[in-house]
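Novice: Structure incoming, see below.
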Amino acid sequence: MSWSAPLPALALVGAVLTAGAGALAMLDHLVGARTAGRPVRLLAALGQPVARSALLLLTRRATTPRTDAAAWALAPAVLVGMAAAAVAAVPWDRGVAVADVDDGIVLVGAAFAVVMVGVYLHGWAANSPLPLHGGYRFVALALSYEMPLALVLIAAALPAESLSIGAIVESQAGTWNVVRQPLGLPLYLVAGAGLAFWGPLNVPDAGDLGGGTAAEVSGPARLAWAGAQGAVLTAVAVVGAGVFLGGWHGPLLPGAAWTALKALALLALLAGARHRLARVRLERFVVLAWTVLIPLALVDVFVSGALAL
Amino acid sequence: MGLTSGLARLARRAPVPVFPVVGAGGRRAATVLPTLDGIEVVTTPRAAVVLLVVGRVTRALLAPVLALHDQLPGPRAAVQWRVDGGGDGDGDDLAGVLPGLVAAPPGDGEQLRRLMGELVSGARTSSPPALPPVEPAAWRGVGPYGQGGTGMTGGVPYGRPMPGWADDRDGLKLDQLKLRLGPAFPPFPPGLVLDLEVQGDVLQTAAVGDNPFVSWPGDPPVTVTDSVEFAAARTEAVAVADLELARARHHLVWLAGALRHHGLAARGERVLRLASGLTIGDAAAVQALARSVVRSRSLAWATDGVGVMSGDGLPAGPVARAAGDVRDARVADDAYRDLGFEPVTDAGGDARARLRQRVTEVVQALELAERCGDRRREPGGAVEGPRGTLAAGEGESTPSAALLERLPDLLAGQEWGDAVTTVVSLDLDLEEAALGAGAPVGT
């Protein structure tokens, strides 16, 4: 049976995204409890995502007058779909991938770009000022993180001389990209946090907008949105593990275990950043992106290209 | 049935999502909420199971509270923490309008958890809607599209303003949206209402709405309930150590709210825990906290250059001291005279300077509390409160009232996020601002 047959492929990608979103919620709970000075209970952390999901499933779905119902339902689906497309392109072990397509890195870049549409729709559809404002904020931010994101992914493909993620992981057999392209992973994580509107880059769903695009969402729809955000972060972590941290390369453990561990490490890093870094100011971040992040990403591309020649 | 009861068993272990509304006299009682075990304070009523009203609902707060109540998706419960004991004259009309309202003593987290358990298991019915299911205003069939404006913009169909059309700061014409925030907008001080005209992310104008704590004839009088120690010091002798500890606690509670606003709710919770049990022995912990806040690059980045206020005309207090103004009533206070008290100041007058100023004042307050022994402050004279100098006499303008007056000019032209940061950085108290204000127009 091939991993790329429709049913096993869907099941595998669905399981990865669910596990990733759940792991992120647990990590976030643990880091949050530690930061807040609450007792850190591992078992309670394991049960938290389940308990919260159950509560949201029992809560009614409130609605606002004259919503764009189709767009509202579609928004989390867009995010999950794009996260699934990105995760599918990453091989877990040599030759074990749902779809290690020849131009996987282009697919990932394209899927990440469409996330913006989902977040904007989520803000637009509620027919309410604060969510709409959140949606527009995300659009204003999008190009600033998407440019460095695309550039560092291209730079990672240069030494592999291939756009396939399998080939990119294979090319890191000696040295991982995180070492030979030291600018890559930090820029990727900043851009990834922007993409998943997470922590310091949670501008569209920020508390200063009363929850932004999620301000009017309740019950199962709220669960879907939280799950969609977790799915996008999982995709960011899995792609990051393959493209920058050498994917399946590692001693003793099976390759798939290494990919999963590396992705978990990136999720833990993102969970930690959420409780340590204050939310950025939109305008300041855009200026920083265009004057520092994008030029650094270009340097990353040029240097990687020169070394690959 | 099996599925629902299974989900209910699981859901009981989730933290109770609570949306708080702080009424008259409730501000201090509400501060413990984020530190209660198994409680989560949420930023929108749509995410809440419990609407928690802390204190008395004034006449002006009643309609907003009912609208908020109906925005909770359900199953929902409304709880009121009565701070005045709930006796005659301290009560309000809320119980009459919300039949399922549960009255409770402040700080009871256990009861909130029990309520949610009963709600999800079906043992308790969800609180019914408080308002009739009708549009608050009629659709007005005027204009080419019937919305009451001109072209495709303007008008107020169903009482909701459509975007208008106005010049922007770059000389272009852009949509302009009118909206009202408050009186329970989470980052704002309780009771603050702002009427905004927004173009994109920019606030074009901001007007301060009626203060819901101003008393109407026949209502209980306004009293300051947040910084009570300092109001009391005007008329009775108090220990200087108690005053300074209260000041440190006040600024820490403010800091917790500011951290929460900047997306650092868990750090804010830690600060609240420190504040709730604060003693003179916590000096080392407070100094470590102050260092980490002052050195945080991301907090500096979030507050640098935001809401700059120059010293001229500012009421004496931490906001003015953050702009380099040395006025501090403790300088002329006999109780502080031979303690070697010198006011600390900062430069810049922006939100970052105000953040540094307050954490520095926390450290200073603890030092003073340690040095002053059991010295007492005799009544009389102006008292330096945590928000600024409280004049000796009643009915004079308070620091909050003076800052509130400057808010519209300060906020106009700011980006949304910066404007909210500015409001947070001023540490306003609408009850304090209501002191000495006349009854609202039209009473």
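Naming scheme: A, B, ... for chains in displayed order of the structure tokens; residues 1 onward per chain; ligands 1 onward as shown.
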Taking 5 positions as the minimum chain separation for residues in the same chain, which residues sit within 6 Å of range 73-84 of chain B when counting only C-alpha atoms? Answer as a list in words.
Specialist: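 Result of the neighbour search: Thr59, Arg60 and Ala62 of chain A; Arg46, Val49, Val50, Leu51, Leu52, Val53, Val54, Gly55, Leu101, Val102, Ala103, Ala104, Pro105, Pro106, Ser126 and Ser127 of chain B.
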Novice: Please determine the contact residues of chain B with respect to chain A at a cut-off of 7 Å, counting only C-alpha atoms, and supply them as an MDAnalysis selection string.
Specialist: chainID B and resid 7 10:11 13:14 43:44 46:47 73:75 120 186:187 261:264 266:267 269:270 298:299 302 417 420
Novice: Expressed in Å to a single decimal, how great is the separation between CA of Trp254 in chain B and CA of Asp427 in chain B?
Specialist: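 Spanning CA of Trp254 in chain B to CA of Asp427 in chain B is a straight-line distance of 6.9 Å.
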Novice: Among the residues of range 51-82 of chain A, find those DSSP assigns to alpha helix (DSSP H) from the backbone and print them as a PyMOL selection string.
Specialist: chain A and resi 51-58+69-82
Novice: What separation in Å, quoted to one decimal, exists between CA of Ala258 in chain B and CA of Leu428 in chain B?
Specialist: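 CA of Leu428 in chain B lies at a distance of 12.4 Å from CA of Ala258 in chain B.
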Novice: As a list in words, please: the residues near Ala45 in chain A (cut-off 9 Å, only C-alpha atoms, same-chain neighbours under 3 positions excluded).
Specialist: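 What passes the distance filter is Ala25, Met26, Leu27, Asp28, His29, Leu30, Val40, Arg41, Leu42, Gln48 and Pro49 of chain A.
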Novice: Neighbours of Thr58 in chain B within 10 Å (only C-alpha atoms; same-chain residues fewer than 4 positions away dropped), as a VMD selection string?
Specialist: chain B and resid 23 to 24 62 to 63 91 to 94 212 to 216 219 to 220
Novice: Which residues are near Leu192 in chain B? Cut-off 9 Å, only C-alpha atoms, ignore same chain within fewer than 5 positions. Put them as a ChimeraX atom specification.
Specialist: /B:181-185,208-212,428-430
Novice: Applying 9 Å and only C-alpha atoms, which residues near range 74-87 of chain A remain after dropping the ones on its own chain fewer than 4 positions away? List them as a PDB file with N, CA and C atoms, in the first residue's frame.
Specialist:
```
ATOM      1  N   LEU A  10      -4.696  10.865   3.350  1.00  0.00           N
ATOM      2  CA  LEU A  10      -5.544  11.770   4.135  1.00  0.00           C
ATOM      3  C   LEU A  10      -5.428  11.452   5.622  1.00  0.00           C
ATOM      4  N   VAL A  13      -1.884  12.593   6.957  1.00  0.00           N
ATOM      5  CA  VAL A  13      -1.743  14.053   7.075  1.00  0.00           C
ATOM      6  C   VAL A  13      -2.668  14.575   8.171  1.00  0.00           C
ATOM      7  N   GLY A  14      -3.899  14.029   8.225  1.00  0.00           N
ATOM      8  CA  GLY A  14      -4.836  14.446   9.271  1.00  0.00           C
ATOM      9  C   GLY A  14      -4.291  14.133  10.647  1.00  0.00           C
ATOM     10  N   VAL A  16      -1.135  13.806  11.518  1.00  0.00           N
ATOM     11  CA  VAL A  16       0.009  14.684  11.811  1.00  0.00           C
ATOM     12  C   VAL A  16      -0.478  16.056  12.262  1.00  0.00           C
ATOM     13  N   LEU A  17      -1.455  16.606  11.529  1.00  0.00           N
ATOM     14  CA  LEU A  17      -1.928  17.952  11.879  1.00  0.00           C
ATOM     15  C   LEU A  17      -2.621  17.944  13.236  1.00  0.00           C
ATOM     16  N   ALA A  69     -21.871  33.473   5.483  1.00  0.00           N
ATOM     17  CA  ALA A  69     -21.776  32.173   6.157  1.00  0.00           C
ATOM     18  C   ALA A  69     -20.802  31.230   5.450  1.00  0.00           C
ATOM     19  N   ALA A  70     -20.843  31.241   4.116  1.00  0.00           N
ATOM     20  CA  ALA A  70     -19.976  30.323   3.373  1.00  0.00           C
ATOM     21  C   ALA A  70     -18.509  30.647   3.635  1.00  0.00           C
ATOM     22  N   PRO A  91       8.931  14.606   3.198  1.00  0.00           N
ATOM     23  CA  PRO A  91       9.134  13.186   3.492  1.00  0.00           C
ATOM     24  C   PRO A  91       9.532  12.986   4.953  1.00  0.00           C
ATOM     25  N   VAL A  98       4.002  11.430   1.574  1.00  0.00           N
ATOM     26  CA  VAL A  98       2.706  11.360   0.915  1.00  0.00           C
ATOM     27  C   VAL A  98       2.865  11.819  -0.526  1.00  0.00           C
ATOM     28  N   ALA A  99       3.568  12.924  -0.716  1.00  0.00           N
ATOM     29  CA  ALA A  99       3.738  13.447  -2.071  1.00  0.00           C
ATOM     30  C   ALA A  99       5.012  14.275  -2.147  1.00  0.00           C
ATOM     31  N   GLY A 104       8.451  20.478  -4.624  1.00  0.00           N
ATOM     32  CA  GLY A 104       7.791  20.548  -3.322  1.00  0.00           C
ATOM     33  C   GLY A 104       7.925  21.901  -2.638  1.00  0.00           C
ATOM     34  N   ILE A 105       9.094  22.525  -2.777  1.00  0.00           N
ATOM     35  CA  ILE A 105       9.324  23.788  -2.071  1.00  0.00           C
ATOM     36  C   ILE A 105       8.446  24.893  -2.657  1.00  0.00           C
ATOM     37  N   LEU A 107       5.457  24.252  -3.952  1.00  0.00           N
ATOM     38  CA  LEU A 107       4.131  23.921  -3.428  1.00  0.00           C
ATOM     39  C   LEU A 107       3.962  24.483  -2.011  1.00  0.00           C
ATOM     40  N   VAL A 108       4.992  24.295  -1.185  1.00  0.00           N
ATOM     41  CA  VAL A 108       4.923  24.802   0.193  1.00  0.00           C
ATOM     42  C   VAL A 108       4.768  26.314   0.191  1.00  0.00           C
ATOM     43  N   GLY A 109       5.586  26.988  -0.613  1.00  0.00           N
ATOM     44  CA  GLY A 109       5.505  28.446  -0.690  1.00  0.00           C
ATOM     45  C   GLY A 109       4.127  28.903  -1.131  1.00  0.00           C
ATOM     46  N   ALA A 110       3.565  28.217  -2.111  1.00  0.00           N
ATOM     47  CA  ALA A 110       2.247  28.596  -2.618  1.00  0.00           C
ATOM     48  C   ALA A 110       1.182  28.347  -1.558  1.00  0.00           C
ATOM     49  N   ALA A 111       1.278  27.201  -0.877  1.00  0.00           N
ATOM     50  CA  ALA A 111       0.275  26.874   0.141  1.00  0.00           C
ATOM     51  C   ALA A 111       0.332  27.904   1.273  1.00  0.00           C
ATOM     52  N   PHE A 112       1.538  28.275   1.689  1.00  0.00           N
ATOM     53  CA  PHE A 112       1.670  29.258   2.767  1.00  0.00           C
ATOM     54  C   PHE A 112       1.104  30.616   2.355  1.00  0.00           C
ATOM     55  N   ALA A 113       1.239  30.956   1.073  1.00  0.00           N
ATOM     56  CA  ALA A 113       0.741  32.256   0.620  1.00  0.00           C
ATOM     57  C   ALA A 113      -0.775  32.326   0.713  1.00  0.00           C
ATOM     58  N   VAL A 114      -1.458  31.188   0.509  1.00  0.00           N
ATOM     59  CA  VAL A 114      -2.925  31.189   0.486  1.00  0.00           C
ATOM     60  C   VAL A 114      -3.519  31.328   1.899  1.00  0.00           C
ATOM     61  N   VAL A 115      -2.696  31.052   2.921  1.00  0.00           N
ATOM     62  CA  VAL A 115      -3.171  31.211   4.305  1.00  0.00           C
ATOM     63  C   VAL A 115      -3.735  32.612   4.523  1.00  0.00           C
ATOM     64  N   MET A 116      -3.090  33.602   3.888  1.00  0.00           N
ATOM     65  CA  MET A 116      -3.559  34.981   4.033  1.00  0.00           C
ATOM     66  C   MET A 116      -5.032  35.112   3.638  1.00  0.00           C
ATOM     67  N   VAL A 117      -5.422  34.425   2.581  1.00  0.00           N
ATOM     68  CA  VAL A 117      -6.802  34.508   2.112  1.00  0.00           C
ATOM     69  C   VAL A 117      -7.747  33.968   3.193  1.00  0.00           C
ATOM     70  N   GLY A 118      -7.345  32.871   3.832  1.00  0.00           N
ATOM     71  CA  GLY A 118      -8.183  32.276   4.867  1.00  0.00           C
ATOM     72  C   GLY A 118      -8.378  33.218   6.046  1.00  0.00           C
ATOM     73  N   VAL A 119      -7.295  33.835   6.490  1.00  0.00           N
ATOM     74  CA  VAL A 119      -7.400  34.734   7.651  1.00  0.00           C
ATOM     75  C   VAL A 119      -8.241  35.951   7.286  1.00  0.00           C
ATOM     76  N   TYR A 120      -8.031  36.486   6.085  1.00  0.00           N
ATOM     77  CA  TYR A 120      -8.822  37.647   5.679  1.00  0.00           C
ATOM     78  C   TYR A 120     -10.314  37.285   5.617  1.00  0.00           C
ATOM     79  N   LEU A 121     -10.616  36.133   5.025  1.00  0.00           N
ATOM     80  CA  LEU A 121     -12.016  35.694   4.939  1.00  0.00           C
ATOM     81  C   LEU A 121     -12.634  35.583   6.334  1.00  0.00           C
ATOM     82  N   HIS A 122     -11.862  35.059   7.270  1.00  0.00           N
ATOM     83  CA  HIS A 122     -12.352  34.888   8.633  1.00  0.00           C
ATOM     84  C   HIS A 122     -12.749  36.228   9.237  1.00  0.00           C
ATOM     85  N   GLY A 123     -11.954  37.265   8.939  1.00  0.00           N
ATOM     86  CA  GLY A 123     -12.288  38.593   9.442  1.00  0.00           C
ATOM     87  C   GLY A 123     -13.459  39.207   8.700  1.00  0.00           C
ATOM     88  N   ALA A 125     -15.934  37.714   7.024  1.00  0.00           N
ATOM     89  CA  ALA A 125     -17.216  37.006   7.007  1.00  0.00           C
ATOM     90  C   ALA A 125     -18.095  37.348   8.201  1.00  0.00           C
ATOM     91  N   ALA A 221     -17.089  26.520  15.908  1.00  0.00           N
ATOM     92  CA  ALA A 221     -16.347  27.351  14.946  1.00  0.00           C
ATOM     93  C   ALA A 221     -15.066  27.876  15.578  1.00  0.00           C
ATOM     94  N   ALA A 224     -12.655  25.064  15.527  1.00  0.00           N
ATOM     95  CA  ALA A 224     -12.113  24.890  14.177  1.00  0.00           C
ATOM     96  C   ALA A 224     -11.007  25.905  13.910  1.00  0.00           C
ATOM     97  N   TRP A 225     -11.226  27.144  14.359  1.00  0.00           N
ATOM     98  CA  TRP A 225     -10.234  28.193  14.094  1.00  0.00           C
ATOM     99  C   TRP A 225      -8.947  27.943  14.881  1.00  0.00           C
ATOM    100  N   ALA A 226      -9.100  27.555  16.159  1.00  0.00           N
ATOM    101  CA  ALA A 226      -7.912  27.255  16.962  1.00  0.00           C
ATOM    102  C   ALA A 226      -7.166  26.068  16.355  1.00  0.00           C
ATOM    103  N   GLY A 227      -7.915  25.054  15.908  1.00  0.00           N
ATOM    104  CA  GLY A 227      -7.298  23.893  15.283  1.00  0.00           C
ATOM    105  C   GLY A 227      -6.591  24.273  13.994  1.00  0.00           C
ATOM    106  N   ALA A 228      -7.211  25.184  13.225  1.00  0.00           N
ATOM    107  CA  ALA A 228      -6.602  25.606  11.964  1.00  0.00           C
ATOM    108  C   ALA A 228      -5.286  26.322  12.223  1.00  0.00           C
ATOM    109  N   GLN A 229      -5.264  27.169  13.259  1.00  0.00           N
ATOM    110  CA  GLN A 229      -4.012  27.854  13.595  1.00  0.00           C
ATOM    111  C   GLN A 229      -2.943  26.836  14.015  1.00  0.00           C
ATOM    112  N   GLY A 230      -3.352  25.839  14.816  1.00  0.00           N
ATOM    113  CA  GLY A 230      -2.423  24.793  15.221  1.00  0.00           C
ATOM    114  C   GLY A 230      -1.906  24.010  14.028  1.00  0.00           C
ATOM    115  N   ALA A 231      -2.787  23.775  13.044  1.00  0.00           N
ATOM    116  CA  ALA A 231      -2.385  23.035  11.846  1.00  0.00           C
ATOM    117  C   ALA A 231      -1.339  23.812  11.061  1.00  0.00           C
ATOM    118  N   VAL A 232      -1.549  25.135  10.926  1.00  0.00           N
ATOM    119  CA  VAL A 232      -0.578  25.948  10.183  1.00  0.00           C
ATOM    120  C   VAL A 232       0.775  25.937  10.899  1.00  0.00           C
ATOM    121  N   LEU A 233       0.749  26.062  12.236  1.00  0.00           N
ATOM    122  CA  LEU A 233       2.010  26.030  12.985  1.00  0.00           C
ATOM    123  C   LEU A 233       2.694  24.675  12.841  1.00  0.00           C
ATOM    124  N   THR A 234       1.898  23.607  12.834  1.00  0.00           N
ATOM    125  CA  THR A 234       2.462  22.271  12.644  1.00  0.00           C
ATOM    126  C   THR A 234       3.146  22.178  11.285  1.00  0.00           C
ATOM    127  N   ALA A 235       2.472  22.713  10.267  1.00  0.00           N
ATOM    128  CA  ALA A 235       3.065  22.685   8.931  1.00  0.00           C
ATOM    129  C   ALA A 235       4.378  23.460   8.921  1.00  0.00           C
ATOM    130  N   VAL A 236       4.388  24.627   9.596  1.00  0.00           N
ATOM    131  CA  VAL A 236       5.612  25.432   9.671  1.00  0.00           C
ATOM    132  C   VAL A 236       6.723  24.601  10.324  1.00  0.00           C
ATOM    133  N   VAL A 238       6.970  21.217  10.663  1.00  0.00           N
ATOM    134  CA  VAL A 238       7.369  20.029   9.898  1.00  0.00           C
ATOM    135  C   VAL A 238       8.237  20.437   8.702  1.00  0.00           C
ATOM    136  N   VAL A 239       7.823  21.481   7.992  1.00  0.00           N
ATOM    137  CA  VAL A 239       8.628  21.962   6.863  1.00  0.00           C
ATOM    138  C   VAL A 239       9.995  22.437   7.371  1.00  0.00           C
TER     139      VAL A 239
END
```
Novice: What does the structure give for the distance between CA of Ala285 in chain B and CA of Tyr336 in chain B, in Å to one decimal?
Specialist: 24.7 Å
